[in-house]
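Shown next: coords.cif, containing mmCIF, C-alpha atoms.
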```
data_my_file
loop_
_atom_site.group_PDB
_atom_site.id
_atom_site.type_symbol
_atom_site.label_atom_id
_atom_site.label_comp_id
_atom_site.auth_asym_id
_atom_site.auth_seq_id
_atom_site.Cartn_x
_atom_site.Cartn_y
_atom_site.Cartn_z
ATOM 1 C CA ASN A 1 53.080 56.264 89.403
ATOM 2 C CA LYS A 2 52.633 52.537 89.833
ATOM 3 C CA PHE A 3 55.114 50.611 87.677
ATOM 4 C CA LEU A 4 58.658 49.761 88.774
ATOM 5 C CA THR A 5 61.236 50.987 86.280
ATOM 6 C CA PRO A 6 63.065 48.305 84.253
ATOM 7 C CA LEU A 7 66.270 50.155 85.159
ATOM 8 C CA LEU A 8 66.192 48.344 88.509
ATOM 9 C CA GLU A 9 66.662 45.041 86.658
ATOM 10 C CA SER A 10 69.252 46.237 84.162
ATOM 11 C CA GLY A 11 72.282 46.097 86.424
ATOM 12 C CA HIS A 12 73.214 49.669 85.516
ATOM 13 C CA CYS A 13 74.292 52.085 88.220
ATOM 14 C CA VAL A 14 71.470 54.638 88.250
ATOM 15 C CA SER A 15 70.924 57.631 90.514
ATOM 16 C CA PHE A 16 67.162 58.041 90.829
ATOM 17 C CA VAL A 17 65.329 61.330 91.288
ATOM 18 C CA GLY A 18 62.446 61.676 93.730
ATOM 19 C CA ASP A 19 59.199 63.399 92.791
ATOM 20 C CA GLU A 20 59.733 65.847 95.642
ATOM 21 C CA GLU A 21 63.059 67.045 94.231
ATOM 22 C CA GLY A 22 63.089 70.338 92.352
ATOM 23 C CA VAL A 23 65.515 72.816 90.860
ATOM 24 C CA LEU A 24 65.391 76.389 92.081
ATOM 25 C CA LEU A 25 65.775 78.983 89.360
ATOM 26 C CA HIS A 26 65.936 82.583 90.489
ATOM 27 C CA ALA A 27 63.916 84.841 88.214
ATOM 28 C CA SER A 28 64.675 88.558 88.215
ATOM 29 C CA ARG A 29 61.945 91.136 87.898
ATOM 30 C CA GLN A 30 63.141 92.197 84.448
ATOM 31 C CA ASN A 31 63.357 88.662 83.089
ATOM 32 C CA MET A 32 59.927 87.753 84.429
ATOM 33 C CA ARG A 33 58.394 90.775 82.772
ATOM 34 C CA ARG A 34 60.045 89.872 79.484
ATOM 35 C CA LEU A 35 58.785 86.302 79.786
ATOM 36 C CA HIS A 36 55.194 87.351 80.463
ATOM 37 C CA ALA A 37 55.315 89.901 77.667
ATOM 38 C CA HIS A 38 56.643 87.238 75.280
ATOM 39 C CA VAL A 39 53.900 84.719 76.068
ATOM 40 C CA GLY A 40 51.266 87.459 76.150
ATOM 41 C CA GLY A 41 50.145 86.708 79.682
ATOM 42 C CA ALA A 42 49.460 88.901 82.659
ATOM 43 C CA ALA A 43 52.171 89.434 85.245
ATOM 44 C CA SER A 44 51.212 86.667 87.646
ATOM 45 C CA PRO A 45 54.495 85.092 88.731
ATOM 46 C CA GLY A 46 52.781 83.062 91.376
ATOM 47 C CA SER A 47 51.551 80.756 88.640
ATOM 48 C CA LEU A 48 55.175 79.833 87.928
ATOM 49 C CA SER A 49 56.237 79.354 91.534
ATOM 50 C CA ASP A 50 55.149 77.100 94.378
ATOM 51 C CA GLY A 51 55.558 80.053 96.729
ATOM 52 C CA ASN A 52 58.459 78.489 98.608
ATOM 53 C CA SER A 53 61.774 80.297 98.841
ATOM 54 C CA SER A 54 65.113 78.546 99.160
ATOM 55 C CA ASP A 55 65.010 78.814 102.977
ATOM 56 C CA GLY A 56 61.659 77.032 103.185
ATOM 57 C CA SER A 57 59.525 80.099 103.784
ATOM 58 C CA THR A 58 56.332 80.669 101.831
ATOM 59 C CA SER A 59 56.847 84.323 100.948
ATOM 60 C CA PRO A 60 59.616 86.421 99.383
ATOM 61 C CA PRO A 61 62.317 87.815 101.697
ATOM 62 C CA ALA A 62 61.719 91.238 103.213
ATOM 63 C CA GLY A 63 62.315 93.945 100.645
ATOM 64 C CA ALA A 64 62.028 91.582 97.682
ATOM 65 C CA HIS A 65 59.748 92.438 94.790
ATOM 66 C CA ALA A 66 56.902 90.065 93.933
ATOM 67 C CA LEU A 67 58.620 89.288 90.638
ATOM 68 C CA ASP A 68 61.971 88.522 92.269
ATOM 69 C CA GLN A 69 61.278 84.941 93.337
ATOM 70 C CA ASP A 70 62.698 81.464 93.048
ATOM 71 C CA ILE A 71 60.842 79.306 90.553
ATOM 72 C CA THR A 72 60.780 75.589 91.316
ATOM 73 C CA LEU A 73 61.229 73.418 88.243
ATOM 74 C CA GLU A 74 60.863 69.646 88.120
ATOM 75 C CA LYS A 75 64.233 67.932 88.268
ATOM 76 C CA ALA A 76 65.072 65.710 85.308
ATOM 77 C CA GLY A 77 66.229 62.160 85.828
ATOM 78 C CA ALA A 78 65.185 58.536 86.145
ATOM 79 C CA ARG A 79 62.356 57.643 88.546
ATOM 80 C CA ARG A 80 61.911 54.371 90.442
ATOM 81 C CA LEU A 81 58.177 54.377 89.787
ATOM 82 C CA LEU A 82 56.701 55.067 86.366
ATOM 83 C CA HIS A 83 53.269 56.245 85.317
ATOM 84 C CA PHE A 84 53.187 54.025 82.211
ATOM 85 C CA ASP A 85 53.940 50.313 81.969
ATOM 86 C CA PRO A 86 56.901 50.284 79.507
ATOM 87 C CA ALA A 87 55.800 46.934 78.098
ATOM 88 C CA ASN A 88 52.600 48.537 76.796
ATOM 89 C CA VAL A 89 53.998 51.917 75.737
ATOM 90 C CA VAL A 90 53.810 53.194 72.186
ATOM 91 C CA ALA A 91 56.031 56.272 71.841
ATOM 92 C CA GLY A 92 56.038 58.879 69.095
ATOM 93 C CA ILE A 93 58.722 61.318 67.928
ATOM 94 C CA VAL A 94 58.242 64.398 65.761
ATOM 95 C CA THR A 95 60.733 67.069 64.624
ATOM 96 C CA CYS A 96 59.523 70.529 63.596
ATOM 97 C CA GLY A 97 60.866 73.883 62.446
ATOM 98 C CA GLY A 98 64.293 74.666 61.069
ATOM 99 C CA LEU A 99 67.065 72.101 60.871
ATOM 100 C CA CYS A 100 69.654 72.078 63.611
ATOM 101 C CA PRO A 101 72.886 70.148 64.213
ATOM 102 C CA GLY A 102 72.219 67.199 66.500
ATOM 103 C CA ILE A 103 68.588 66.367 65.674
ATOM 104 C CA ASN A 104 69.445 62.850 64.531
ATOM 105 C CA ASN A 105 71.577 62.340 67.645
ATOM 106 C CA VAL A 106 68.545 63.160 69.781
ATOM 107 C CA ILE A 107 66.235 60.850 67.808
ATOM 108 C CA ARG A 108 68.772 58.028 68.099
ATOM 109 C CA ALA A 109 69.241 58.584 71.834
ATOM 110 C CA ILE A 110 65.486 58.519 72.521
ATOM 111 C CA VAL A 111 64.992 55.315 70.518
ATOM 112 C CA ASN A 112 67.954 53.507 72.099
ATOM 113 C CA ILE A 113 67.015 54.489 75.650
ATOM 114 C CA LEU A 114 63.376 53.471 75.153
ATOM 115 C CA PHE A 115 64.288 50.093 73.624
ATOM 116 C CA TYR A 116 67.370 49.079 75.587
ATOM 117 C CA ARG A 117 66.767 50.634 78.997
ATOM 118 C CA TYR A 118 62.972 50.756 79.277
ATOM 119 C CA LYS A 119 62.105 47.761 77.037
ATOM 120 C CA VAL A 120 59.561 49.744 75.006
ATOM 121 C CA LYS A 121 58.528 47.692 71.988
ATOM 122 C CA ARG A 122 57.334 50.342 69.516
ATOM 123 C CA VAL A 123 58.440 53.873 68.624
ATOM 124 C CA ILE A 124 56.714 55.717 65.781
ATOM 125 C CA GLY A 125 58.460 58.480 63.864
ATOM 126 C CA PHE A 126 56.028 61.060 62.473
ATOM 127 C CA ARG A 127 57.411 62.570 59.256
ATOM 128 C CA PHE A 128 57.486 66.221 58.255
ATOM 129 C CA GLY A 129 56.596 67.945 61.504
ATOM 130 C CA PHE A 130 53.132 68.323 63.001
ATOM 131 C CA GLU A 131 51.711 67.585 59.554
ATOM 132 C CA GLY A 132 52.659 63.970 60.248
ATOM 133 C CA LEU A 133 50.280 63.910 63.210
ATOM 134 C CA VAL A 134 47.267 64.555 60.983
ATOM 135 C CA LYS A 135 45.936 61.232 59.679
ATOM 136 C CA ASP A 136 45.103 62.236 56.102
ATOM 137 C CA LYS A 137 48.535 63.882 55.689
ATOM 138 C CA SER A 138 50.587 61.473 57.758
ATOM 139 C CA SER A 139 53.652 59.499 56.835
ATOM 140 C CA THR A 140 55.281 57.420 59.580
ATOM 141 C CA ILE A 141 58.405 55.351 60.175
ATOM 142 C CA ASP A 142 58.811 52.560 62.721
ATOM 143 C CA LEU A 143 61.938 53.552 64.605
ATOM 144 C CA THR A 144 64.137 50.743 65.937
ATOM 145 C CA PRO A 145 67.752 50.645 67.134
ATOM 146 C CA GLU A 146 68.673 49.049 63.810
ATOM 147 C CA ARG A 147 66.958 51.843 61.872
ATOM 148 C CA VAL A 148 68.698 54.637 63.783
ATOM 149 C CA LYS A 149 72.113 53.059 64.425
ATOM 150 C CA ASP A 150 74.011 55.320 61.995
ATOM 151 C CA ILE A 151 71.810 58.424 61.691
ATOM 152 C CA HIS A 152 73.978 60.455 64.068
ATOM 153 C CA GLN A 153 76.596 60.472 61.311
ATOM 154 C CA PHE A 154 74.346 62.590 59.102
ATOM 155 C CA GLY A 155 72.867 66.083 59.278
ATOM 156 C CA GLY A 156 69.266 67.139 58.943
ATOM 157 C CA SER A 157 66.480 65.020 60.393
ATOM 158 C CA LEU A 158 65.630 61.433 59.565
ATOM 159 C CA LEU A 159 61.990 62.383 60.071
ATOM 160 C CA GLY A 160 62.050 65.546 58.005
ATOM 161 C CA SER A 161 60.460 68.749 59.208
ATOM 162 C CA SER A 162 57.910 71.432 58.386
ATOM 163 C CA ARG A 163 56.644 74.731 59.730
ATOM 164 C CA GLY A 164 53.186 75.976 60.541
ATOM 165 C CA PRO A 165 50.376 74.897 62.895
ATOM 166 C CA GLN A 166 47.974 71.981 62.547
ATOM 167 C CA ASP A 167 44.606 71.370 64.204
ATOM 168 C CA PRO A 168 45.265 70.007 67.749
ATOM 169 C CA LYS A 169 41.977 68.085 67.639
ATOM 170 C CA LYS A 170 43.025 66.177 64.519
ATOM 171 C CA MET A 171 46.496 65.506 65.922
ATOM 172 C CA VAL A 172 45.106 64.139 69.196
ATOM 173 C CA ASP A 173 42.566 62.055 67.261
ATOM 174 C CA TYR A 174 45.416 60.332 65.427
ATOM 175 C CA LEU A 175 47.562 59.866 68.541
ATOM 176 C CA ASP A 176 44.602 58.274 70.299
ATOM 177 C CA GLU A 177 43.843 56.023 67.314
ATOM 178 C CA LEU A 178 47.461 54.788 67.209
ATOM 179 C CA GLY A 179 47.496 54.194 70.958
ATOM 180 C CA VAL A 180 50.437 56.537 71.504
ATOM 181 C CA SER A 181 51.286 56.871 75.211
ATOM 182 C CA MET A 182 53.954 59.543 74.948
ATOM 183 C CA LEU A 183 54.906 62.047 72.272
ATOM 184 C CA PHE A 184 58.375 63.612 72.057
ATOM 185 C CA THR A 185 58.339 66.965 70.247
ATOM 186 C CA ILE A 186 61.770 68.168 69.095
ATOM 187 C CA GLY A 187 61.701 71.845 68.180
ATOM 188 C CA GLY A 188 61.988 75.491 69.170
ATOM 189 C CA ASP A 189 59.558 77.878 70.830
ATOM 190 C CA GLY A 190 56.941 77.526 68.075
ATOM 191 C CA THR A 191 57.092 73.746 68.286
ATOM 192 C CA GLN A 192 56.731 73.800 72.059
ATOM 193 C CA ARG A 193 53.713 76.114 71.811
ATOM 194 C CA GLY A 194 52.245 73.550 69.419
ATOM 195 C CA ALA A 195 53.086 70.788 71.905
ATOM 196 C CA GLN A 196 51.310 72.760 74.601
ATOM 197 C CA SER A 197 48.166 72.997 72.472
ATOM 198 C CA ILE A 198 48.287 69.212 71.970
ATOM 199 C CA ALA A 199 48.736 68.675 75.720
ATOM 200 C CA LEU A 200 45.792 70.965 76.529
ATOM 201 C CA GLU A 201 43.557 69.089 74.087
ATOM 202 C CA ILE A 202 44.668 65.790 75.671
ATOM 203 C CA LEU A 203 43.860 67.213 79.100
ATOM 204 C CA ARG A 204 40.452 68.451 77.922
ATOM 205 C CA ARG A 205 39.562 64.943 76.760
ATOM 206 C CA GLY A 206 40.963 63.238 79.843
ATOM 207 C CA LEU A 207 43.291 61.020 77.802
ATOM 208 C CA ASP A 208 46.369 59.340 79.275
ATOM 209 C CA ILE A 209 49.044 60.660 76.890
ATOM 210 C CA ALA A 210 52.253 62.428 77.934
ATOM 211 C CA VAL A 211 53.798 65.182 75.813
ATOM 212 C CA VAL A 212 57.548 65.704 76.269
ATOM 213 C CA GLY A 213 59.086 68.830 74.755
ATOM 214 C CA ILE A 214 62.764 68.697 73.753
ATOM 215 C CA PRO A 215 64.102 72.231 73.077
ATOM 216 C CA LYS A 216 65.811 72.546 69.693
ATOM 217 C CA THR A 217 67.132 75.865 68.421
ATOM 218 C CA ILE A 218 70.513 77.209 67.400
ATOM 219 C CA ASP A 219 69.340 80.587 68.754
ATOM 220 C CA ASN A 220 69.492 79.339 72.374
ATOM 221 C CA ASP A 221 66.395 81.412 73.125
ATOM 222 C CA VAL A 222 64.165 78.928 74.968
ATOM 223 C CA ALA A 223 63.288 80.192 78.451
ATOM 224 C CA PHE A 224 64.718 78.264 81.437
ATOM 225 C CA VAL A 225 67.077 76.209 79.231
ATOM 226 C CA GLU A 226 70.746 76.952 79.811
ATOM 227 C CA LYS A 227 71.968 75.769 76.412
ATOM 228 C CA THR A 228 70.086 74.213 73.501
ATOM 229 C CA PHE A 229 71.742 71.663 71.232
ATOM 230 C CA GLY A 230 73.040 73.114 67.970
ATOM 231 C CA PHE A 231 73.962 76.441 69.549
ATOM 232 C CA GLU A 232 77.660 75.673 69.958
ATOM 233 C CA THR A 233 77.897 74.482 66.348
ATOM 234 C CA ALA A 234 76.291 77.731 65.162
ATOM 235 C CA VAL A 235 78.858 79.763 67.122
ATOM 236 C CA GLU A 236 81.716 77.670 65.717
ATOM 237 C CA ARG A 237 80.498 77.982 62.118
ATOM 238 C CA ALA A 238 80.194 81.764 62.491
ATOM 239 C CA GLN A 239 83.947 82.046 63.006
ATOM 240 C CA ALA A 240 84.728 81.516 59.325
ATOM 241 C CA SER A 241 82.486 84.445 58.360
ATOM 242 C CA LEU A 242 84.066 86.694 60.992
ATOM 243 C CA VAL A 243 87.588 85.805 59.876
ATOM 244 C CA ALA A 244 86.716 86.454 56.226
ATOM 245 C CA ALA A 245 85.056 89.812 56.980
ATOM 246 C CA HIS A 246 88.003 90.875 59.114
ATOM 247 C CA GLU A 247 90.527 90.033 56.412
ATOM 248 C CA GLU A 248 88.487 91.824 53.742
ATOM 249 C CA ALA A 249 88.141 94.921 55.926
ATOM 250 C CA ARG A 250 91.796 95.325 56.804
ATOM 251 C CA SER A 251 92.834 94.704 53.206
ATOM 252 C CA ALA A 252 91.048 97.887 52.071
ATOM 253 C CA LYS A 253 91.616 101.524 52.960
ATOM 254 C CA ASN A 254 89.117 102.442 55.696
ATOM 255 C CA GLY A 255 87.560 99.015 55.202
ATOM 256 C CA ILE A 256 84.613 97.923 57.295
ATOM 257 C CA GLY A 257 83.378 94.355 57.538
ATOM 258 C CA ILE A 258 79.778 93.680 58.572
ATOM 259 C CA VAL A 259 78.571 90.224 59.586
ATOM 260 C CA LYS A 260 74.927 89.497 60.343
ATOM 261 C CA LEU A 261 74.233 86.271 62.249
ATOM 262 C CA MET A 262 71.036 84.391 63.013
ATOM 263 C CA GLY A 263 69.214 84.669 66.299
ATOM 264 C CA ARG A 264 65.940 86.396 65.525
ATOM 265 C CA GLU A 265 65.183 88.334 68.734
ATOM 266 C CA SER A 266 68.121 86.991 70.749
ATOM 267 C CA GLY A 267 71.800 87.804 70.512
ATOM 268 C CA PHE A 268 73.358 84.658 71.959
ATOM 269 C CA ILE A 269 75.030 83.528 68.731
ATOM 270 C CA SER A 270 76.372 87.007 67.950
ATOM 271 C CA LEU A 271 77.634 87.568 71.487
ATOM 272 C CA HIS A 272 79.423 84.234 71.827
ATOM 273 C CA ALA A 273 80.786 84.343 68.278
ATOM 274 C CA ALA A 274 82.198 87.840 68.827
ATOM 275 C CA LEU A 275 83.786 86.855 72.133
ATOM 276 C CA ALA A 276 85.299 83.732 70.597
ATOM 277 C CA SER A 277 86.653 85.673 67.624
ATOM 278 C CA GLY A 278 88.194 88.628 69.408
ATOM 279 C CA ASP A 279 88.200 90.616 66.129
ATOM 280 C CA ALA A 280 84.797 92.339 66.376
ATOM 281 C CA ASN A 281 85.010 96.030 67.285
ATOM 282 C CA ILE A 282 81.266 96.707 67.545
ATOM 283 C CA LEU A 283 78.586 94.215 68.548
ATOM 284 C CA LEU A 284 74.889 94.957 68.082
ATOM 285 C CA LEU A 285 72.439 92.816 70.034
ATOM 286 C CA PRO A 286 68.632 92.783 69.860
ATOM 287 C CA GLU A 287 68.459 92.986 73.666
ATOM 288 C CA VAL A 288 70.553 96.174 73.854
ATOM 289 C CA PRO A 289 69.107 99.433 72.418
ATOM 290 C CA PHE A 290 71.454 101.440 70.168
ATOM 291 C CA SER A 291 71.342 104.446 67.864
ATOM 292 C CA MET A 292 72.915 104.808 64.437
ATOM 293 C CA ASP A 293 74.392 108.170 65.488
ATOM 294 C CA ARG A 294 76.376 106.480 68.206
ATOM 295 C CA ILE A 295 77.460 103.667 65.881
ATOM 296 C CA LEU A 296 78.688 106.186 63.284
ATOM 297 C CA LYS A 297 80.662 108.103 65.901
ATOM 298 C CA LEU A 298 82.348 104.879 67.026
ATOM 299 C CA VAL A 299 83.228 103.988 63.439
ATOM 300 C CA VAL A 300 84.651 107.454 62.692
ATOM 301 C CA SER A 301 86.682 107.447 65.905
#
```
In structure tokens, how does this file's structure come out?
Amino acid sequence: NKFLTPLLESGHCVSFVGDEEGVLLHASRQNMRRLHAHVGGAASPGSLSDGNSSDGSTSPPAGAHALDQDITLEKAGARRLLHFDPANVVAGIVTCGGLCPGINNVIRAIVNILFYRYKVKRVIGFRFGFEGLVKDKSSTIDLTPERVKDIHQFGGSLLGSSRGPQDPKKMVDYLDELGVSMLFTIGGDGTQRGAQSIALEILRRGLDIAVVGIPKTIDNDVAFVEKTFGFETAVERAQASLVAAHEEARSAKNGIGIVKLMGRESGFISLHAALASGDANILLLPEVPFSMDRILKLVVS
């Protein structure tokens, strides 16, 4: 870090974050095991922790399990000193995976902050997901405050999207050719795994490019993120389906209404939608084992 942030000259009231500041996140044994099983790694929680507990000691409290530890995460926020000189930065933005309410808001916010607060002169929008990072498939847009001024009024993504992996070597080749200093990847767990593969290829080559992952999923299933954008909209939109199913069910003799919501392997949308509705009698979640025999007995009763 060697460049003073332009925020010091902007006149804005800014609370800066120091590099030594972190956020302690307590990880339970069960959650850590689920995390390691999900990423396919061995149970080595030490790789996720700096070994320091909240009281400053370097080992877990007496009686604590090795997997019951505080994980130190980097605290988000503005820094006084920057790694890149903003005047020479070329930034890139890519959106991948399924559409989600708020994508255009995020694109607009990144562009406006980079231009107005950090005085970055060029932001490239890569179209149609990671495909846009491959030179012979690429389509790009120069993103400026003028270009994005109204996009938050519309759904979808200004940049479009796509699914599926691309060759990290080809993507890094193109980023290097364009002189991109930082890449913002907006997407869910698959997108962030792709971002990680790009970052590892950058590291292998010793290039000076930052990769910034911005979690995007209505499912709210990204580890260590309290709430992803689009989740609340998904819960709100589910209410109409629950109301309709409830009315249909109670309008028929022995009527039963069944509503299936998105979420893949997580039940956040279903749980919050059911709690908000107050009309659901039985809630089935992927995280909670159940048997059809028990469900049938509850229905009959």
Determine, counting all atoms listed in the file, which protein, DNA and RNA residues have an atom within 12 Å of an atom of Glu247 (chain A); residues of the same chain fewer than 6 positions away are not included. Present the result as JSON, numbers by chain. {"A": [240, 241, 255, 256, 257, 258, 279, 280]}
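On the file presented, the PyMOL selection byres ((chain A and resi 89) around 9) picks out Phe84, Asp85, Pro86, Ala87, Asn88, Val90, Ala91, Val120, Lys121, Arg122, Val123, Gly179, Val180, Ser181 and Met182 of chain A.
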Name the residues within 10 Å of (66.8, 74.8, 69.4), counting only C-alpha atoms in the file's coordinates, and put them as a count of residues only. 27
If the PyMOL selection byres ((chain A and resi 155-165) around 6) were run on this exact file, what residues would it hold? Put them as a ChimeraX atom specification. /A:95-97,99,103-104,127-129,154,166
Taking only C-alpha atoms into account, which of A:Leu207, A:Leu82, A:Ile93, A:Leu296 comes nearest Val106 (chain A)?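 Counting only C-alpha atoms, the residue closest to Val106 (chain A) is A:Ile93.
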Applied to this file, what does the PyMOL selection byres ((chain A and resi 8-25) around 6) return in terms of residues, put as a PyMOL selection string? chain A and resi 6-7+26+70-75+77-79
So which residues fall inside 12 Å of (43.4, 67.9, 52.9) if we count only C-alpha atoms? Mind giving them as a PyMOL selection string? chain A and resi 131+134-138+166-167+170
What's the separation between CA of Leu175 (chain A) and CA of Gln192 (chain A), in Å to one decimal place? 17.0 Å
Would you compute the distance between CA of Phe224 (chain A) and CA of Gly263 (chain A)? Give it in Å to one decimal.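 It comes out at 17.0 Å.
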Residue among A:Arg108, A:Asn281, A:His83, A:Val94 lying closest to Lys2 (chain A), counting all atoms listed in the file: A:His83
Atomic separation - CA of Phe3 (chain A) relative to CA of Leu133 (chain A), Å: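 Value for the CA of Leu133 (chain A)-CA of Phe3 (chain A) distance: 28.3 Å.
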I'd like the contact shell of Val111 (chain A) - 8 Å cut-off, all atoms listed in the file, skipping same-chain residues fewer than 5 positions apart - returned as a ChimeraX atom specification. /A:123,143-145,148
When you count only C-alpha atoms, which of these residues is closest to Asn254 (chain A): A:Thr185, A:Ser301, A:Thr5, A:Ser139?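 Closest residue, counting only C-alpha atoms: A:Ser301.
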When you count all atoms listed in the file, which of these residues is closest to Arg264 (chain A): A:Val172, A:Ile151, A:Ile124, A:Leu285?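 Of all the options, A:Leu285 lies closest to Arg264 (chain A).
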Across A:Val212, A:Pro168, A:Arg80, A:Glu236, the smallest distance to Ile198 (chain A), with only C-alpha atoms counted, is shown by A:Pro168
